[in-house]
file query_29.tsv (TSV, C-alpha atoms (C1' of nucleotides))
chain	number	residue	atom	x	y	z
Z	59	MET	CA	112.63	31.19	114.16
Z	60	SER	CA	110.01	31.99	116.75
Z	61	ASN	CA	110.88	35.63	117.03
Z	62	GLU	CA	107.97	37.62	115.70
Z	63	SER	CA	109.02	40.91	117.16
Z	64	ALA	CA	108.98	42.45	113.73
Z	65	THR	CA	105.24	42.01	113.50
Z	66	GLU	CA	104.21	41.76	117.14
Z	67	PRO	CA	105.24	44.70	119.27
Z	68	ARG	CA	105.90	44.54	122.98
Z	69	TRP	CA	102.56	45.60	124.38
Z	70	LEU	CA	102.30	47.30	127.71
Z	71	ASP	CA	101.93	44.99	130.67
Z	72	ASP	CA	99.27	45.65	133.30
Z	73	GLU	CA	101.37	47.97	135.41
Z	74	GLU	CA	102.54	49.95	132.44
Z	75	GLN	CA	99.04	50.13	131.11
Z	76	HIS	CA	97.76	51.39	134.41
Z	77	ALA	CA	100.49	53.96	134.74
Z	78	TRP	CA	99.93	55.15	131.21
Z	79	GLN	CA	96.24	55.58	131.81
Z	80	ALA	CA	96.89	57.44	135.02
Z	81	TYR	CA	99.36	59.66	133.24
Z	82	LEU	CA	96.90	60.51	130.50
Z	83	HIS	CA	94.15	61.25	132.96
Z	84	ALA	CA	96.29	63.41	135.20
Z	85	THR	CA	97.85	65.42	132.41
Z	86	THR	CA	94.67	66.08	130.50
Z	87	LEU	CA	92.68	66.95	133.59
Z	88	LEU	CA	95.39	69.26	134.84
Z	89	GLU	CA	95.93	71.03	131.57
Z	90	ASP	CA	92.19	71.57	131.16
Z	91	HIS	CA	91.92	72.78	134.71
Z	92	LEU	CA	94.72	75.31	134.36
Z	93	ASP	CA	93.47	76.47	130.99
Z	94	ARG	CA	90.09	77.24	132.45
Z	95	GLN	CA	91.49	78.81	135.56
Z	96	LEU	CA	93.65	81.17	133.54
Z	97	GLN	CA	91.07	81.82	130.89
Z	98	ARG	CA	88.67	82.85	133.58
Z	99	ASP	CA	91.08	84.87	135.74
Z	100	ALA	CA	93.44	86.26	133.16
Z	101	GLY	CA	91.76	85.94	129.81
Z	102	MET	CA	94.34	83.67	128.24
Z	103	PRO	CA	95.15	79.99	127.98
Z	104	HIS	CA	97.92	78.39	129.95
Z	105	VAL	CA	100.46	78.37	127.15
Z	106	TYR	CA	100.08	82.10	126.63
Z	107	TYR	CA	100.55	82.69	130.30
Z	108	GLY	CA	103.75	80.66	130.11
Z	109	LEU	CA	105.02	82.94	127.39
Z	110	LEU	CA	104.49	86.00	129.54
Z	111	VAL	CA	106.32	84.29	132.39
Z	112	GLN	CA	109.29	83.55	130.17
Z	113	LEU	CA	109.42	87.11	128.96
Z	114	SER	CA	109.14	88.48	132.47
Z	115	ARG	CA	112.28	86.58	133.43
Z	116	ALA	CA	114.28	87.58	130.37
Z	117	PRO	CA	116.73	90.49	130.40
Z	118	ARG	CA	114.87	93.70	129.64
Z	119	ARG	CA	111.74	91.53	129.34
Z	120	ARG	CA	112.71	90.80	125.76
Z	121	MET	CA	113.40	87.60	123.91
Z	122	ARG	CA	113.97	86.47	120.37
Z	123	MET	CA	111.03	84.61	118.92
Z	124	THR	CA	112.94	81.42	118.29
Z	125	GLU	CA	114.42	81.33	121.76
Z	126	LEU	CA	111.03	81.94	123.29
Z	127	ALA	CA	109.55	79.14	121.25
Z	128	GLN	CA	112.34	76.79	122.29
Z	129	ASN	CA	111.92	77.58	125.95
Z	130	ALA	CA	108.19	77.11	125.78
Z	131	LYS	CA	108.54	73.96	123.68
Z	132	ILE	CA	106.22	75.16	120.97
Z	133	THR	CA	106.68	75.73	117.27
Z	134	ARG	CA	107.60	79.09	115.83
Z	135	SER	CA	104.35	79.13	113.96
Z	136	ARG	CA	102.31	78.64	117.06
Z	137	LEU	CA	104.32	81.33	118.76
Z	138	SER	CA	103.72	83.74	115.91
Z	139	HIS	CA	100.00	83.33	116.29
Z	140	ALA	CA	100.15	83.56	120.05
Z	141	VAL	CA	102.25	86.70	120.03
Z	142	ALA	CA	99.96	88.25	117.45
Z	143	ARG	CA	97.10	87.75	119.84
Z	144	LEU	CA	99.04	88.95	122.88
Z	145	GLU	CA	100.11	91.99	120.91
Z	146	LYS	CA	96.50	92.75	120.13
Z	147	ASN	CA	95.88	92.66	123.86
Z	148	GLY	CA	98.69	95.12	124.38
Z	149	TRP	CA	100.57	92.70	126.60
Z	150	VAL	CA	103.46	92.03	124.28
Z	151	GLN	CA	105.09	94.14	121.65
Z	152	ARG	CA	107.20	93.08	118.72
Z	153	GLU	CA	110.42	94.85	117.89
Z	154	ASN	CA	112.96	94.39	115.16
Z	155	CYS	CA	116.11	92.73	116.33
Z	156	PRO	CA	119.02	95.15	115.91
Z	157	SER	CA	121.64	92.52	115.14
Z	158	ASP	CA	119.66	90.36	112.75
Z	159	LYS	CA	117.29	91.90	110.29
Z	160	ARG	CA	115.31	88.67	110.07
Z	161	GLY	CA	114.75	88.60	113.78
Z	162	GLN	CA	112.06	89.87	116.06
Z	163	ASN	CA	112.11	90.46	119.76
Z	164	ALA	CA	109.02	89.93	121.81
Z	165	HIS	CA	108.80	92.49	124.58
Z	166	LEU	CA	106.59	92.17	127.63
Z	167	THR	CA	104.90	95.55	128.03
Z	168	ASP	CA	104.17	97.24	131.32
Z	169	GLU	CA	100.56	96.34	130.92
Z	170	GLY	CA	101.51	92.77	130.18
Z	171	LEU	CA	103.54	92.66	133.35
Z	172	ARG	CA	100.62	94.03	135.33
Z	173	ILE	CA	98.30	91.38	133.96
Z	174	LEU	CA	100.87	88.73	134.74
Z	175	GLU	CA	101.34	89.91	138.31
Z	176	LYS	CA	97.64	90.01	138.78
Z	177	ALA	CA	97.20	86.48	137.49
Z	178	ALA	CA	100.20	84.87	139.12
Z	179	PRO	CA	98.86	84.30	142.64
Z	180	GLY	CA	95.76	82.52	141.47
Z	181	HIS	CA	97.78	80.42	139.12
Z	182	VAL	CA	100.29	79.37	141.74
Z	183	ASN	CA	97.41	78.48	143.98
Z	184	ALA	CA	95.91	76.29	141.34
Z	185	VAL	CA	99.20	74.55	140.66
Z	186	ARG	CA	99.79	74.05	144.35
Z	187	ALA	CA	96.33	72.73	144.97
Z	188	ALA	CA	96.62	70.32	142.09
Z	189	ILE	CA	100.17	69.10	142.64
Z	190	PHE	CA	102.49	70.37	145.29
Z	191	ASP	CA	100.10	70.34	148.18
Z	192	ARG	CA	99.13	66.79	147.37
Z	193	LEU	CA	102.53	65.19	146.90
Z	194	THR	CA	105.19	64.38	149.45
Z	195	PRO	CA	108.63	65.95	149.03
Z	196	GLU	CA	109.90	62.57	147.88
Z	197	GLN	CA	107.22	62.37	145.25
Z	198	ILE	CA	108.03	65.85	144.05
Z	199	SER	CA	111.63	64.93	143.49
Z	200	GLN	CA	110.59	61.67	141.87
Z	201	LEU	CA	108.30	63.56	139.53
Z	202	ASP	CA	111.08	65.96	138.71
Z	203	GLU	CA	113.49	63.16	137.87
Z	204	ILE	CA	110.95	61.22	135.84
Z	205	CYS	CA	109.95	64.25	133.82
Z	206	CYS	CA	113.56	65.13	133.11
Z	207	VAL	CA	114.17	61.63	131.78
Z	208	ILE	CA	111.12	61.84	129.54
Z	209	ALA	CA	111.91	65.31	128.31
Z	210	ASP	CA	115.53	64.40	127.63
Z	211	GLY	CA	114.43	61.53	125.48
Z	212	LEU	CA	112.24	63.76	123.37
Z	213	GLN	CA	114.56	66.66	122.84
Z	214	PRO	CA	116.60	66.55	119.67
Z	215	GLN	CA	119.41	66.94	122.12
Z	216	GLY	CA	122.25	66.02	119.80
Z	217	ALA	CA	121.70	68.98	117.57
Z	218	ASP	CA	120.17	72.10	118.94
Z	219	LEU	CA	118.02	72.43	115.87
Z	220	PRO	CA	115.56	72.01	114.35
Z	221	TRP	CA	114.42	71.02	117.87
Z	222	LEU	CA	110.74	70.94	117.06
Z	223	ARG	CA	109.54	69.74	113.71
K	169	MET	CA	99.43	90.73	162.55
K	170	SER	CA	102.28	89.92	160.23
K	171	ASN	CA	100.42	87.30	158.27
K	172	GLU	CA	100.07	88.59	154.75
K	173	SER	CA	99.00	85.32	153.26
K	174	ALA	CA	95.86	86.90	151.96
K	175	THR	CA	97.82	89.06	149.59
K	176	GLU	CA	101.09	87.16	149.20
K	177	PRO	CA	100.69	83.60	147.97
K	178	ARG	CA	103.08	80.79	148.75
K	179	TRP	CA	105.30	80.83	145.70
K	180	LEU	CA	107.01	77.69	144.53
K	181	ASP	CA	110.41	77.06	146.05
K	182	ASP	CA	113.35	76.12	143.85
K	183	GLU	CA	112.68	72.41	143.87
K	184	GLU	CA	109.02	72.85	143.16
K	185	GLN	CA	109.79	75.33	140.43
K	186	HIS	CA	112.22	72.95	138.84
K	187	ALA	CA	109.84	70.04	139.03
K	188	TRP	CA	107.04	72.13	137.58
K	189	GLN	CA	109.17	73.22	134.67
K	190	ALA	CA	110.25	69.66	134.04
K	191	TYR	CA	106.66	68.53	134.15
K	192	LEU	CA	105.57	71.14	131.64
K	193	HIS	CA	108.40	70.32	129.29
K	194	ALA	CA	107.90	66.59	129.46
K	195	THR	CA	104.15	66.70	129.01
K	196	THR	CA	104.11	69.18	126.15
K	197	LEU	CA	106.95	67.48	124.32
K	198	LEU	CA	105.35	64.09	124.72
K	199	GLU	CA	101.91	65.16	123.68
K	200	ASP	CA	103.28	66.90	120.61
K	201	HIS	CA	105.39	63.91	119.79
K	202	LEU	CA	102.51	61.46	120.00
K	203	ASP	CA	100.20	63.76	118.10
K	204	ARG	CA	102.62	63.93	115.22
K	205	GLN	CA	103.39	60.26	115.31
K	206	LEU	CA	99.73	59.36	115.09
K	207	GLN	CA	98.85	62.07	112.64
K	208	ARG	CA	101.55	60.76	110.37
K	209	ASP	CA	100.89	57.05	110.81
K	210	ALA	CA	97.16	56.96	111.37
K	211	GLY	CA	95.78	60.28	110.20
K	212	MET	CA	94.39	61.38	113.53
K	213	PRO	CA	95.51	63.18	116.67
K	214	HIS	CA	96.26	61.37	119.87
K	215	VAL	CA	92.95	62.13	121.54
K	216	TYR	CA	91.01	60.64	118.64
K	217	TYR	CA	93.12	57.53	118.78
K	218	GLY	CA	92.29	57.27	122.46
K	219	LEU	CA	88.61	57.34	121.63
K	220	LEU	CA	88.98	54.44	119.25
K	221	VAL	CA	90.88	52.51	121.90
K	222	GLN	CA	88.10	53.06	124.41
K	223	LEU	CA	85.50	51.91	121.95
K	224	SER	CA	87.51	48.85	121.00
K	225	ARG	CA	87.48	47.74	124.62
K	226	ALA	CA	83.80	48.38	125.17
K	227	PRO	CA	81.20	45.62	124.90
K	228	ARG	CA	80.12	45.28	121.30
K	229	ARG	CA	82.53	48.16	120.55
K	230	ARG	CA	79.78	50.56	121.55
K	231	MET	CA	79.60	53.27	124.17
K	232	ARG	CA	77.31	56.09	125.15
K	233	MET	CA	78.67	59.50	124.26
K	234	THR	CA	78.74	60.74	127.81
K	235	GLU	CA	80.51	57.68	129.13
K	236	LEU	CA	83.06	57.90	126.37
K	237	ALA	CA	83.67	61.53	127.14
K	238	GLN	CA	84.08	60.77	130.82
K	239	ASN	CA	86.55	58.00	130.20
K	240	ALA	CA	88.56	60.14	127.85
K	241	LYS	CA	88.37	63.13	130.17
K	242	ILE	CA	87.06	65.45	127.51
K	243	THR	CA	83.90	67.50	127.24
K	244	ARG	CA	80.83	66.22	125.48
K	245	SER	CA	81.10	69.06	123.03
K	246	ARG	CA	84.60	68.13	122.09
K	247	LEU	CA	83.54	64.55	121.74
K	248	SER	CA	80.65	65.50	119.48
K	249	HIS	CA	83.00	67.25	117.12
K	250	ALA	CA	85.54	64.46	117.28
K	251	VAL	CA	83.00	61.74	116.59
K	252	ALA	CA	81.60	63.77	113.72
K	253	ARG	CA	85.02	63.73	112.18
K	254	LEU	CA	85.62	60.05	112.88
K	255	GLU	CA	82.25	59.27	111.43
K	256	LYS	CA	83.18	61.11	108.26
K	257	ASN	CA	86.23	58.85	108.10
K	258	GLY	CA	83.99	55.83	108.44
K	259	TRP	CA	85.76	54.69	111.59
K	260	VAL	CA	82.91	55.32	113.99
K	261	GLN	CA	79.19	55.25	113.54
K	262	ARG	CA	76.51	56.85	115.62
K	263	GLU	CA	73.41	54.94	116.66
K	264	ASN	CA	70.36	55.87	118.64
K	265	CYS	CA	70.36	54.49	122.12
K	266	PRO	CA	67.43	52.07	122.50
K	267	SER	CA	66.78	52.77	126.15
K	268	ASP	CA	67.10	56.55	126.13
K	269	LYS	CA	65.84	58.54	123.22
K	270	ARG	CA	68.20	61.37	124.04
K	271	GLY	CA	71.21	59.14	123.89
K	272	GLN	CA	73.60	58.14	121.18
K	273	ASN	CA	75.96	55.22	121.01
K	274	ALA	CA	79.26	55.55	119.27
K	275	HIS	CA	80.17	52.33	117.51
K	276	LEU	CA	83.62	51.45	116.30
K	277	THR	CA	83.19	50.13	112.78
K	278	ASP	CA	85.14	47.26	111.28
K	279	GLU	CA	87.14	49.74	109.30
K	280	GLY	CA	87.80	51.74	112.42
K	281	LEU	CA	89.07	48.63	114.13
K	282	ARG	CA	91.36	47.89	111.21
K	283	ILE	CA	92.81	51.36	111.31
K	284	LEU	CA	93.30	51.04	115.04
K	285	GLU	CA	95.04	47.71	114.77
K	286	LYS	CA	97.27	49.07	112.08
K	287	ALA	CA	98.22	52.08	114.16
K	288	ALA	CA	98.60	50.41	117.52
K	289	PRO	CA	102.06	48.88	117.16
K	290	GLY	CA	103.68	52.13	116.13
K	291	HIS	CA	101.93	53.95	118.90
K	292	VAL	CA	103.00	51.49	121.58
K	293	ASN	CA	106.51	51.76	120.26
K	294	ALA	CA	106.42	55.51	120.57
K	295	VAL	CA	105.06	55.38	124.10
K	296	ARG	CA	107.61	52.79	125.09
K	297	ALA	CA	110.47	54.69	123.57
K	298	ALA	CA	109.40	57.89	125.29
K	299	ILE	CA	108.53	56.50	128.70
K	300	PHE	CA	108.63	52.86	129.64
K	301	ASP	CA	111.95	51.98	128.13
K	302	ARG	CA	113.52	54.94	129.86
K	303	LEU	CA	112.18	54.52	133.37
K	304	THR	CA	113.00	51.94	135.99
K	305	PRO	CA	110.18	49.76	137.33
K	306	GLU	CA	110.31	51.80	140.53
K	307	GLN	CA	109.90	55.01	138.58
K	308	ILE	CA	106.99	53.57	136.67
K	309	SER	CA	105.15	52.77	139.84
K	310	GLN	CA	106.07	56.16	141.28
K	311	LEU	CA	104.69	57.85	138.19
K	312	ASP	CA	101.54	55.81	138.47
K	313	GLU	CA	101.02	56.76	142.08
K	314	ILE	CA	101.78	60.43	141.50
K	315	CYS	CA	99.43	60.67	138.56
K	316	CYS	CA	96.65	58.99	140.49
K	317	VAL	CA	97.04	61.52	143.26
K	318	ILE	CA	96.91	64.40	140.83
K	319	ALA	CA	93.97	63.01	138.88
K	320	ASP	CA	92.05	62.28	142.07
K	321	GLY	CA	92.44	65.86	143.14
K	322	LEU	CA	91.01	67.16	139.91
K	323	GLN	CA	88.04	64.86	139.53
K	324	PRO	CA	84.77	66.18	140.85
K	325	GLN	CA	84.94	62.98	142.82
K	326	GLY	CA	82.19	63.74	145.28
K	327	ALA	CA	79.51	63.91	142.66
K	328	ASP	CA	79.83	61.98	139.47
K	329	LEU	CA	78.59	64.91	137.48
K	330	PRO	CA	78.95	67.39	135.91
K	331	TRP	CA	82.50	66.00	135.99
K	332	LEU	CA	83.93	68.38	133.43
K	333	ARG	CA	82.76	71.96	133.26
O	176	DC	C1'	132.38	88.09	95.64
O	177	DC	C1'	128.48	85.12	95.15
O	178	DA	C1'	125.77	81.02	94.64
O	179	DG	C1'	123.59	77.96	97.24
O	180	DC	C1'	121.96	76.56	101.45
O	181	DA	C1'	120.27	77.51	106.24
O	182	DT	C1'	117.70	80.24	109.48
O	183	DT	C1'	114.05	83.50	110.93
O	184	DG	C1'	109.60	84.57	111.30
O	185	DT	C1'	105.13	84.89	109.09
O	186	DT	C1'	101.06	83.43	106.59
O	187	DA	C1'	96.85	80.93	104.72
O	188	DA	C1'	94.14	77.11	104.99
O	189	DA	C1'	92.76	73.07	107.21
O	190	DT	C1'	91.83	71.20	111.45
O	191	DA	C1'	90.72	71.11	116.34
O	192	DT	C1'	88.91	73.03	120.67
O	193	DT	C1'	86.22	76.01	123.67
O	194	DC	C1'	82.23	78.36	125.06
O	195	DA	C1'	77.54	79.42	125.28
O	196	DA	C1'	73.16	78.41	123.70
O	197	DT	C1'	69.82	75.04	122.18
O	198	DA	C1'	66.32	71.14	121.41
O	199	DA	C1'	64.86	66.88	122.95
O	200	DT	C1'	64.04	63.85	126.47
O	201	DT	C1'	63.92	62.02	131.12
O	202	DA	C1'	63.63	62.22	136.19
O	203	DG	C1'	61.92	64.01	140.43
O	204	DC	C1'	58.22	65.17	142.99
O	205	DA	C1'	54.09	67.84	144.69
Y	150	DT	C1'	49.25	63.50	136.44
Y	151	DG	C1'	51.66	67.55	135.39
Y	152	DC	C1'	55.24	70.70	136.25
Y	153	DT	C1'	59.98	71.81	136.93
Y	154	DA	C1'	64.64	70.69	136.92
Y	155	DA	C1'	68.25	67.92	135.15
Y	156	DT	C1'	70.48	65.26	131.54
Y	157	DT	C1'	71.86	64.21	126.73
Y	158	DA	C1'	73.90	65.50	122.76
Y	159	DT	C1'	74.60	68.86	119.28
Y	160	DT	C1'	75.51	73.32	117.06
Y	161	DG	C1'	77.72	77.83	115.59
Y	162	DA	C1'	80.96	81.15	116.46
Y	163	DA	C1'	85.17	82.44	118.39
Y	164	DT	C1'	89.57	80.94	119.32
Y	165	DA	C1'	93.70	78.13	118.90
Y	166	DT	C1'	96.84	74.91	116.54
Y	167	DT	C1'	98.97	72.45	112.73
Y	168	DT	C1'	100.97	72.07	108.36
Y	169	DA	C1'	103.19	73.46	104.42
Y	170	DA	C1'	104.75	77.12	101.93
Y	171	DC	C1'	106.95	81.54	101.65
Y	172	DA	C1'	109.91	85.96	101.69
Y	173	DA	C1'	113.71	87.94	103.70
Y	174	DT	C1'	118.03	87.67	105.50
Y	175	DG	C1'	122.29	85.45	106.99
Y	176	DC	C1'	126.09	82.22	106.32
Y	177	DT	C1'	129.68	79.51	103.95
Y	178	DG	C1'	132.75	77.50	100.60
Y	179	DG	C1'	134.65	78.06	96.16
call {"tool": "encode", "arguments": {"input": "query_29.tsv", "output": "structure tokens"}}
result
Amino acid sequence: MSNESATEPRWLDDEEQHAWQAYLHATTLLEDHLDRQLQRDAGMPHVYYGLLVQLSRAPRRRMRMTELAQNAKITRSRLSHAVARLEKNGWVQRENCPSDKRGQNAHLTDEGLRILEKAAPGHVNAVRAAIFDRLTPEQISQLDEICCVIADGLQPQGADLPWLR
Amino acid sequence: MSNESATEPRWLDDEEQHAWQAYLHATTLLEDHLDRQLQRDAGMPHVYYGLLVQLSRAPRRRMRMTELAQNAKITRSRLSHAVARLEKNGWVQRENCPSDKRGQNAHLTDEGLRILEKAAPGHVNAVRAAIFDRLTPEQISQLDEICCVIADGLQPQGADLPWLR
DNA sequence: CCAGCATTGTTAAATATTCAATAATTAGCA
DNA sequence: TGCTAATTATTGAATATTTAACAATGCTGG
């Protein structure tokens, strides 16, 4: 009768605590850094840039809103707002989906592609400088594996929906 | 004269690309997950929770605004807004700093501490479930090391200010 | 067919964050 | 001392995100 696990959780030990702190510091510093870099050089936050990248890789530079949101790991609502803004910039255009009257396709415009190509080198540089030029090849593959484990655990992987909220 | 590095950046190779994608997915999924968990269980986003944690560990549960911002890796402006909100909740209180008339101390109130203690178990659980229960001890120390490297590279480490923006 | 349920994408309002500018104070130094 | 630069913290406005609700359309079983 000495098991109090119901009321007393398993706290993090020193190593876990340290790793967790390091993780928080690294991720927040990096995200801030990339946001500023892209805001300055391309006029958009990192997430928006990621959307353009996704679209640029899609067939005909088009993607359904839901699929785009899934790939970028953001909610549909957030995507709606983001695309509205990108559309105002002329970088993305919305189109009705032919096969589903509810659907919309986001289309990366020529101008959007130009902006993306202009921003890409600086962005890769920043990512390299922050990560890949500082880690050994072993560490890169460790990071990859670790992140996959974490991401797998957070994806509603059983079902493919409603995936996020 | 075949070096075009000035115009053509070193793009990420396949492994780097994969690791980068995994990193982005893991970090955004995790941050969203923790934000929702804490918003639901404690009525505040993850960053705000982190501020309360910092204060709870500080001597007399008090800390100068700038120091708090540094520890949490956020801007002073963001902290000002955050503390304003936490103060409205009654969880934090601002006090004039005795030794520097410009300064303010943020003080974690008794009620703030109660809220924190109530929220902590669920939060640790969530962090454990997402990370530490899924990684091997080796991976945990790898993650620690990797994150330290990344964070070190992004800190204006030479000077201790202006540290963020 | 069609009634109900699910999915798609959007919206408004509340909340949070960034950015630039500001007032107040302190520190450095001629 | 007195002057300038730097530091502290805040503010307002612009931007971004969350949350819950919604309209429109699609799907499915009776």
call {"tool": "interface_residues", "arguments": {"input": "query_29.tsv", "of": "chain K", "to": "chain O", "cutoff": "8 Å", "atoms": "all atoms listed in the file", "output": "ChimeraX atom specification"}}
result
/K:246,268-270
call {"tool": "interface_residues", "arguments": {"input": "query_29.tsv", "of": "chain Y", "to": "chain Z", "cutoff": "7 Å", "atoms": "all atoms listed in the file", "output": "compact mmCIF listing (two decimals) with C-alpha atoms (C1' of nucleotides), keeping the file's coordinate frame"}}
result
# COMPACT_ATOMS: atom_id res chain seq x y z
C1' DT Y 166 96.84 74.91 116.54
C1' DA Y 173 113.71 87.94 103.70
C1' DT Y 174 118.03 87.67 105.50
call {"tool": "interface_residues", "arguments": {"input": "query_29.tsv", "of": "chain K", "to": "chain Z", "cutoff": "9 Å", "atoms": "only C-alpha atoms", "output": "ChimeraX atom specification"}}
result
/K:175-180,183-184,186-198,200-201,239-242,288-290,292-293,295-300,302-303,307-323,332
call {"tool": "atom_distance", "arguments": {"input": "query_29.tsv", "atom1": "CA of Asn154 in chain Z", "atom2": "CA of Gly101 in chain Z"}}
result
27.1 Å
call {"tool": "atom_distance", "arguments": {"input": "query_29.tsv", "atom1": "CA of Leu126 in chain Z", "atom2": "CA of His214 in chain K"}}
result
25.6 Å
call {"tool": "closest_residue", "arguments": {"input": "query_29.tsv", "among": "Z:Cys155, Z:Val111, Z:Glu125, Z:Asp99", "to": "Gly170 in chain Z", "atoms": "all atoms listed in the file"}}
result
Z:Val111
call {"tool": "atom_distance", "arguments": {"input": "query_29.tsv", "atom1": "CA of His275 in chain K", "atom2": "CA of Arg229 in chain K"}}
result
5.7 Å
call {"tool": "axis_aligned_box", "arguments": {"input": "query_29.tsv", "around": "range 177-192 of chain O", "padding_each_side": "6 Å", "output": "JSON"}}
result
{"center_x": 108.7, "center_y": 78.1, "center_z": 107.7, "size_x": 51.6, "size_y": 26.0, "size_z": 38.0}
